[in-house]
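Data block below; observations after.
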Amino acid sequence: MLLTRIKGPRDLDRLSQEELDQLAAEIRSFLVDAVSKTGGHLGPNLGVVELTIALHRVFDSPKDKVLFDTGHQAYVHKLLTGRQDFGGLRSKGGLSGYPSRAESDHDVIENSHASTVLGWADGLAKANEVLGREDHHVAAVIGDGALTGGMAWEALNNIAAAKDRPLVIVVNDNERSYGPTIGGLANHLATLRTTDGYERFLARGKELLERTPVVGKPLFETLHGAKKGLKDFIAPQGMFEDLGLKYIGPIDGHDIEALESALQRAKRFSGPVIVHCLTQKGRGYEPAVQDEADRFHAVGVIHPDTGLPVSTDAASWTSVFADEMVKLGRERKDIVAITAAMLQPVGLKKFADAYPDRIFDVGIAEQHGATSAAGLATGGAHPVFAVYATFLNRAFDQVLMDVALHKCGVTFVLDRAGVTGTDGASHNGMWDMSILQVVPGLRLAAPRDAEQLRAQLNEAVLVKDAPTVVRFSKGVVGPAVPAVGRIGGMDVLRRPADEVTRPDVLLVSVGALAPMCLEIADLLDKQGISTTVVDPRWVKPVDEALAPLAERHRVVVTVEDNGRTGGVGSAVAQALRDAGVDVPLRDFGIPQRFLDHALRKEIMAEIGLTAPDIARQVTGLVAKLDGRYDSEPAAAVD
């Protein structure tokens, strides 16, 4: 196999055109076989095989910086830079599903949030200029979906201002982000794609000119790369050129020779250049091509021959939300939904099918989505903006200054909250309950099971004068966790087994960690430690009934699937101080560090967010209060 001979990008230089085509076919076969076993981003990588080969033949990475936005299409890049062991892809100790600086000097960006690459490229090109590195180049690959993000256009505005600063921007145009790309930019690129008169003219012209001795091929390349003249007459690419950016394309993104020719011309130019490449997401794998929803953007473990899942999961948090949104839409005509280019992943496809006039896909533009939601609320609708928890970080200012300041009734639904695992540091939703604590008037719900998700979503959309947030985990929703009572707005999940005047521990359980908190209580009970477990349901604001309840216990313990700094534990501690309740409090949550990719259960064990770990520490704390603790550690809890 040719692929096994590729240890680094310069090994590509020795291959003939025929061998390059063979290598592309081998890479596609490798990807289907490997990703079907581990899960991962399959469709995007199948679409950029030839493009990535061409990039690494034209640019000299890592001296030249080849950047990928958002990075989920970098599997081919990994293969060409010496990383061909995909057996542990997205698993602990294995390859990351995104570029990773820890893996290779060829990887530059690893945040895997869309629309950032052009800002990075602008900074790197400026660094080359300032430091006099004239032999260094920067090539940034950005999809047409990521170009819907405002950050990309802020960067383009700056890039275009420097007419003599070299920078190659490769637009990977496959008409999709997760699903089909929407918006004005998408329409413009569609015009370029469908204006095929130019390409037909060039195809015929190339055939004729290449027969002309000596001057034929250079003349063809001059015409093909021309900025003005005949090309402008045939293909309306003026949007980019009006910004001051040289434009080359559209190029067949699966023709290595054509790609190399275009990239070489762009590399030689002394200013910023757009190279517009047309690719097909999922190319070469029929099940992906036939998947109209997202062309196998991300898959679990599948049968490689059919593309069908190996196993069918039980109901997920996302699917429960999806069904409840359809119900809400049927009951209330003012309910509208917003997604940032993630209709399927966040569970809004059913709502869109049922109520197509009440769904708004804003593209990869969370900031705009939040402010547009404020406008919708001001206009009399109640918008539900569903987004991954980690992506709401990008719209914090809008949540604060546009939604909350104006007392707009907007509901934000945060999918993939807490530790998500295999997608790595940038996808763990571990900041939302911290950053949202500072927003005045905002109410935040953390449902523990499917029933509570439905109930709290219904409660959230009743609020008309403030933002509400409902956050839930990734994956399968667990069994129902019934309440045994209610104190204030809090559900009591467990009372002490024996009647005691002052129980030892008040355990505040946040969201989906309720089953684990009940397990902690069982372990404490075996140590003779009496425990009350409550679920606040709404963790912001802190329920007024919590402080008096805490005062009737010896110790307060909070457990949350969120960063410890500024999270629910911090808010509870502040509420107790404000109420004059002087009870020891111990908060358990995610340490404030970036977590490597691994299974959720592996990460939870690594950070000590498990029932035995927490029970052991609480046992030690109670023993210390009892005077039974010196320098010896507490007895282990089985």
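Chain lettering (A, B, ...) mirrors the order of the structure tokens, residue numbering begins at 1 for each chain separately, and ligand numbering begins at 1 in order of display.
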Checklist entry - What lies within 6 Å of region 485-491 of chain A using only C-alpha atoms, ignoring chain neighbours under 3 positions off, as a PyMOL selection string? => result chain A and resi 534-536+545
Keeping only C-alpha atoms, take the residues you just selected and write them out as a PDB file, in the first residue's frame.
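Final output, saved to out-v1.pdb:
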ATOM      1  CA  VAL A 534     -32.044  17.201  47.417  1.00  0.00           C
ATOM      2  CA  ASP A 535     -32.285  18.208  43.774  1.00  0.00           C
ATOM      3  CA  PRO A 536     -32.676  22.005  43.491  1.00  0.00           C
ATOM      4  CA  ALA A 545     -35.413  27.087  51.298  1.00  0.00           C
TER       5      ALA A 545
END
Checklist entry - What are the DSSP strand (DSSP E or B) residues of region 569-603 of chain A, as a PyMOL selection string? => result chain A and resi 585-590
Could the residues in this selection be written to a file with C-alpha atoms, as a PDB file, in the first residue's frame?
ATOM      1  CA  LEU A 585     -19.454  23.058  52.773  1.00  0.00           C
ATOM      2  CA  ARG A 586     -17.549  20.867  50.358  1.00  0.00           C
ATOM      3  CA  ASP A 587     -18.101  21.267  46.599  1.00  0.00           C
ATOM      4  CA  PHE A 588     -17.340  18.535  44.082  1.00  0.00           C
ATOM      5  CA  GLY A 589     -17.150  19.211  40.385  1.00  0.00           C
ATOM      6  CA  ILE A 590     -14.825  19.376  37.407  1.00  0.00           C
TER       7      ILE A 590
END
Item to check | Residue contacts of Lys464 (chain A) (9 Å, only C-alpha atoms) excluding same-chain residues fewer than 2 positions away, as a count of residues only | outcome: 11
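Interatomic distance, CA of Phe30 (chain A) to CA of Asp11 (chain A): 18.3 Å.
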Item to check | Residues within 10 Å of Ala579 (chain A), only C-alpha atoms, excluding chain neighbours under 6 positions, as a PyMOL selection string | outcome: chain A and resi 544+546-548+551+573
Would you mind exporting the chosen residues as a PDB file, in the first residue's frame, restricted to N, CA, C and O atoms?
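To be explicit, this is the file written out as again.pdb:
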ATOM      1  N   GLU A 544     -34.547  29.684  48.143  1.00  0.00           N
ATOM      2  CA  GLU A 544     -34.556  30.303  49.476  1.00  0.00           C
ATOM      3  C   GLU A 544     -34.677  29.271  50.590  1.00  0.00           C
ATOM      4  O   GLU A 544     -34.293  29.536  51.732  1.00  0.00           O
ATOM      5  N   LEU A 546     -33.090  26.539  50.802  1.00  0.00           N
ATOM      6  CA  LEU A 546     -31.870  25.747  50.980  1.00  0.00           C
ATOM      7  C   LEU A 546     -31.117  26.133  52.251  1.00  0.00           C
ATOM      8  O   LEU A 546     -30.633  25.254  52.979  1.00  0.00           O
ATOM      9  N   ALA A 547     -31.007  27.425  52.527  1.00  0.00           N
ATOM     10  CA  ALA A 547     -30.229  27.854  53.704  1.00  0.00           C
ATOM     11  C   ALA A 547     -30.809  27.316  55.009  1.00  0.00           C
ATOM     12  O   ALA A 547     -30.062  26.732  55.822  1.00  0.00           O
ATOM     13  N   PRO A 548     -32.118  27.481  55.247  1.00  0.00           N
ATOM     14  CA  PRO A 548     -32.641  26.896  56.492  1.00  0.00           C
ATOM     15  C   PRO A 548     -32.519  25.384  56.550  1.00  0.00           C
ATOM     16  O   PRO A 548     -32.306  24.809  57.638  1.00  0.00           O
ATOM     17  N   GLU A 551     -28.958  24.570  57.535  1.00  0.00           N
ATOM     18  CA  GLU A 551     -28.687  24.857  58.935  1.00  0.00           C
ATOM     19  C   GLU A 551     -29.068  23.685  59.833  1.00  0.00           C
ATOM     20  O   GLU A 551     -28.544  23.541  60.948  1.00  0.00           O
ATOM     21  N   ALA A 573     -22.568  28.251  48.495  1.00  0.00           N
ATOM     22  CA  ALA A 573     -21.744  28.754  49.597  1.00  0.00           C
ATOM     23  C   ALA A 573     -22.037  30.227  49.852  1.00  0.00           C
ATOM     24  O   ALA A 573     -22.151  30.668  51.015  1.00  0.00           O
TER      25      ALA A 573
END
Item to check | Shortest interatomic distance to Val35 (chain A) - which of A:Ile302, A:Glu260, A:Ala114, A:Glu18, counting only C-alpha atoms | outcome: A:Ile302
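Remark: for Tyr98 (chain A), the closest of the candidate residues A:Ala315, A:Ala425, A:Leu609, A:Ala160 is A:Ala425 (distances computed over only C-alpha atoms).
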Residues of region 245-363 of chain A at most 12 Å from region 478-484 of chain A: nearest atom pair and distance in Å, only C-alpha atoms, as a tab-separated table:
residue	atom	partner	partner_atom	distance
A:Asp313	CA	A:Gly478	CA	11.8
A:Ala314	CA	A:Gly478	CA	9.2
A:Ala315	CA	A:Gly478	CA	8.8
A:Ser316	CA	A:Gly478	CA	8.6
A:Trp317	CA	A:Gly478	CA	8.8
A:Val320	CA	A:Gly478	CA	11.5
With C-alpha atoms kept, could you save the residues just selected as a PDB file, in the first residue's frame?
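Ended up saving to part-v4.pdb:
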ATOM      1  CA  ASP A 313     -29.094   3.388  21.750  1.00  0.00           C
ATOM      2  CA  ALA A 314     -31.930   3.962  24.167  1.00  0.00           C
ATOM      3  CA  ALA A 315     -33.627   7.356  24.279  1.00  0.00           C
ATOM      4  CA  SER A 316     -31.155  10.218  24.504  1.00  0.00           C
ATOM      5  CA  TRP A 317     -31.503  13.528  26.303  1.00  0.00           C
ATOM      6  CA  VAL A 320     -36.535  13.732  24.767  1.00  0.00           C
TER       7      VAL A 320
END
Item to check | Contact residues around His77 (chain A) with only C-alpha atoms at 10 Å, ignoring same-chain residues under 2 positions, as an MDAnalysis selection string | outcome: chainID A and resid 8:9 45 48:49 51:53 55:56 66 68 71 73:75 79:83 99 106:107
Could you save those same residues with N, CA and C atoms as a short mmCIF file (atom, residue, chain, number, x, y, z; two decimals), in the first residue's frame?
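Dumped to out-v5.cif:
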data_model
loop_
_atom_site.label_atom_id
_atom_site.label_comp_id
_atom_site.auth_asym_id
_atom_site.auth_seq_id
_atom_site.Cartn_x
_atom_site.Cartn_y
_atom_site.Cartn_z
N GLY A 8 5.55 11.24 6.25
CA GLY A 8 5.48 12.70 6.41
C GLY A 8 5.12 13.32 5.08
N PRO A 9 4.77 14.60 5.05
CA PRO A 9 4.28 15.25 3.84
C PRO A 9 5.25 15.19 2.66
N ASN A 45 -14.15 14.18 6.33
CA ASN A 45 -12.81 13.74 5.93
C ASN A 45 -12.81 13.07 4.57
N VAL A 48 -12.31 15.74 1.83
CA VAL A 48 -11.12 16.59 1.68
C VAL A 48 -9.86 15.79 1.39
N VAL A 49 -10.00 14.59 0.87
CA VAL A 49 -8.81 13.75 0.66
C VAL A 49 -7.86 14.39 -0.35
N LEU A 51 -7.88 17.42 -1.54
CA LEU A 51 -7.51 18.78 -1.12
C LEU A 51 -6.35 18.73 -0.13
N THR A 52 -6.40 17.81 0.82
CA THR A 52 -5.35 17.72 1.84
C THR A 52 -4.04 17.24 1.21
N ILE A 53 -4.13 16.29 0.29
CA ILE A 53 -2.92 15.84 -0.42
C ILE A 53 -2.29 17.01 -1.15
N LEU A 55 -2.59 20.24 -0.60
CA LEU A 55 -2.05 21.22 0.34
C LEU A 55 -0.67 20.81 0.83
N HIS A 56 -0.50 19.53 1.15
CA HIS A 56 0.78 19.09 1.68
C HIS A 56 1.84 18.91 0.60
N VAL A 66 -0.36 25.04 7.94
CA VAL A 66 -1.59 24.60 7.30
C VAL A 66 -2.64 24.45 8.40
N PHE A 68 -6.74 24.22 9.87
CA PHE A 68 -8.05 23.66 9.54
C PHE A 68 -9.12 24.24 10.47
N GLY A 71 -11.47 21.67 12.23
CA GLY A 71 -10.52 20.63 12.61
C GLY A 71 -11.08 19.23 12.55
N GLN A 73 -12.14 17.84 10.06
CA GLN A 73 -11.79 17.27 8.76
C GLN A 73 -10.28 17.06 8.64
N ALA A 74 -9.59 16.92 9.77
CA ALA A 74 -8.13 16.80 9.76
C ALA A 74 -7.63 15.36 9.86
N TYR A 75 -8.50 14.37 9.71
CA TYR A 75 -8.03 12.98 9.77
C TYR A 75 -7.04 12.69 8.63
N LEU A 79 -3.08 11.43 8.74
CA LEU A 79 -2.50 10.30 8.02
C LEU A 79 -1.26 10.71 7.24
N LEU A 80 -1.28 11.91 6.67
CA LEU A 80 -0.17 12.36 5.83
C LEU A 80 0.99 12.92 6.66
N THR A 81 0.78 13.09 7.94
CA THR A 81 1.85 13.61 8.80
C THR A 81 2.32 12.56 9.81
N GLY A 82 2.16 11.28 9.42
CA GLY A 82 2.78 10.20 10.17
C GLY A 82 1.95 9.58 11.27
N ARG A 83 0.64 9.87 11.30
CA ARG A 83 -0.21 9.32 12.36
C ARG A 83 -1.25 8.40 11.74
N PRO A 99 -7.19 18.34 15.44
CA PRO A 99 -5.75 18.61 15.53
C PRO A 99 -5.33 18.75 16.99
N HIS A 106 2.83 19.49 13.23
CA HIS A 106 2.05 19.90 12.06
C HIS A 106 0.68 20.46 12.46
N ASP A 107 0.29 20.29 13.72
CA ASP A 107 -1.02 20.76 14.19
C ASP A 107 -0.87 22.12 14.85
#
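In this model, the gap between CA of Leu46 (chain A) and CA of Ala266 (chain A) comes to 24.3 Å.
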Checklist entry - Using only C-alpha atoms, which residues sit within 9 Å of region 363-367 of chain A once same-chain residues fewer than 2 positions away are excluded, as a VMD selection string? => result chain A and resid 114 to 115 145 to 151 177 181 to 183 339 to 342 361 369 to 372 387 391 to 399
Item to check | Close residues, Gly143 (chain A) itself excluded, 12 Å, only C-alpha atoms, min 5 positions apart in chain, as a PyMOL selection string | outcome: chain A and resi 44+47-48+67-73+114-118+148-149+152+169-178+180-181+185-186+189+275-281+364
Checklist entry - Hey, which of A:Gly418, A:Ala373, A:Glu19, A:Arg283 ends up closest to Asp402 (chain A)? Count only C-alpha atoms. => result A:Ala373
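CA of Val500 (chain A) to CA of Val556 (chain A) spans 16.3 Å [interatomic distance, one decimal].
Closest approach to Gln617 (chain A) among A:Val438, A:Ala352, A:Ile520, A:Leu576: A:Ile520, based on only C-alpha atoms.
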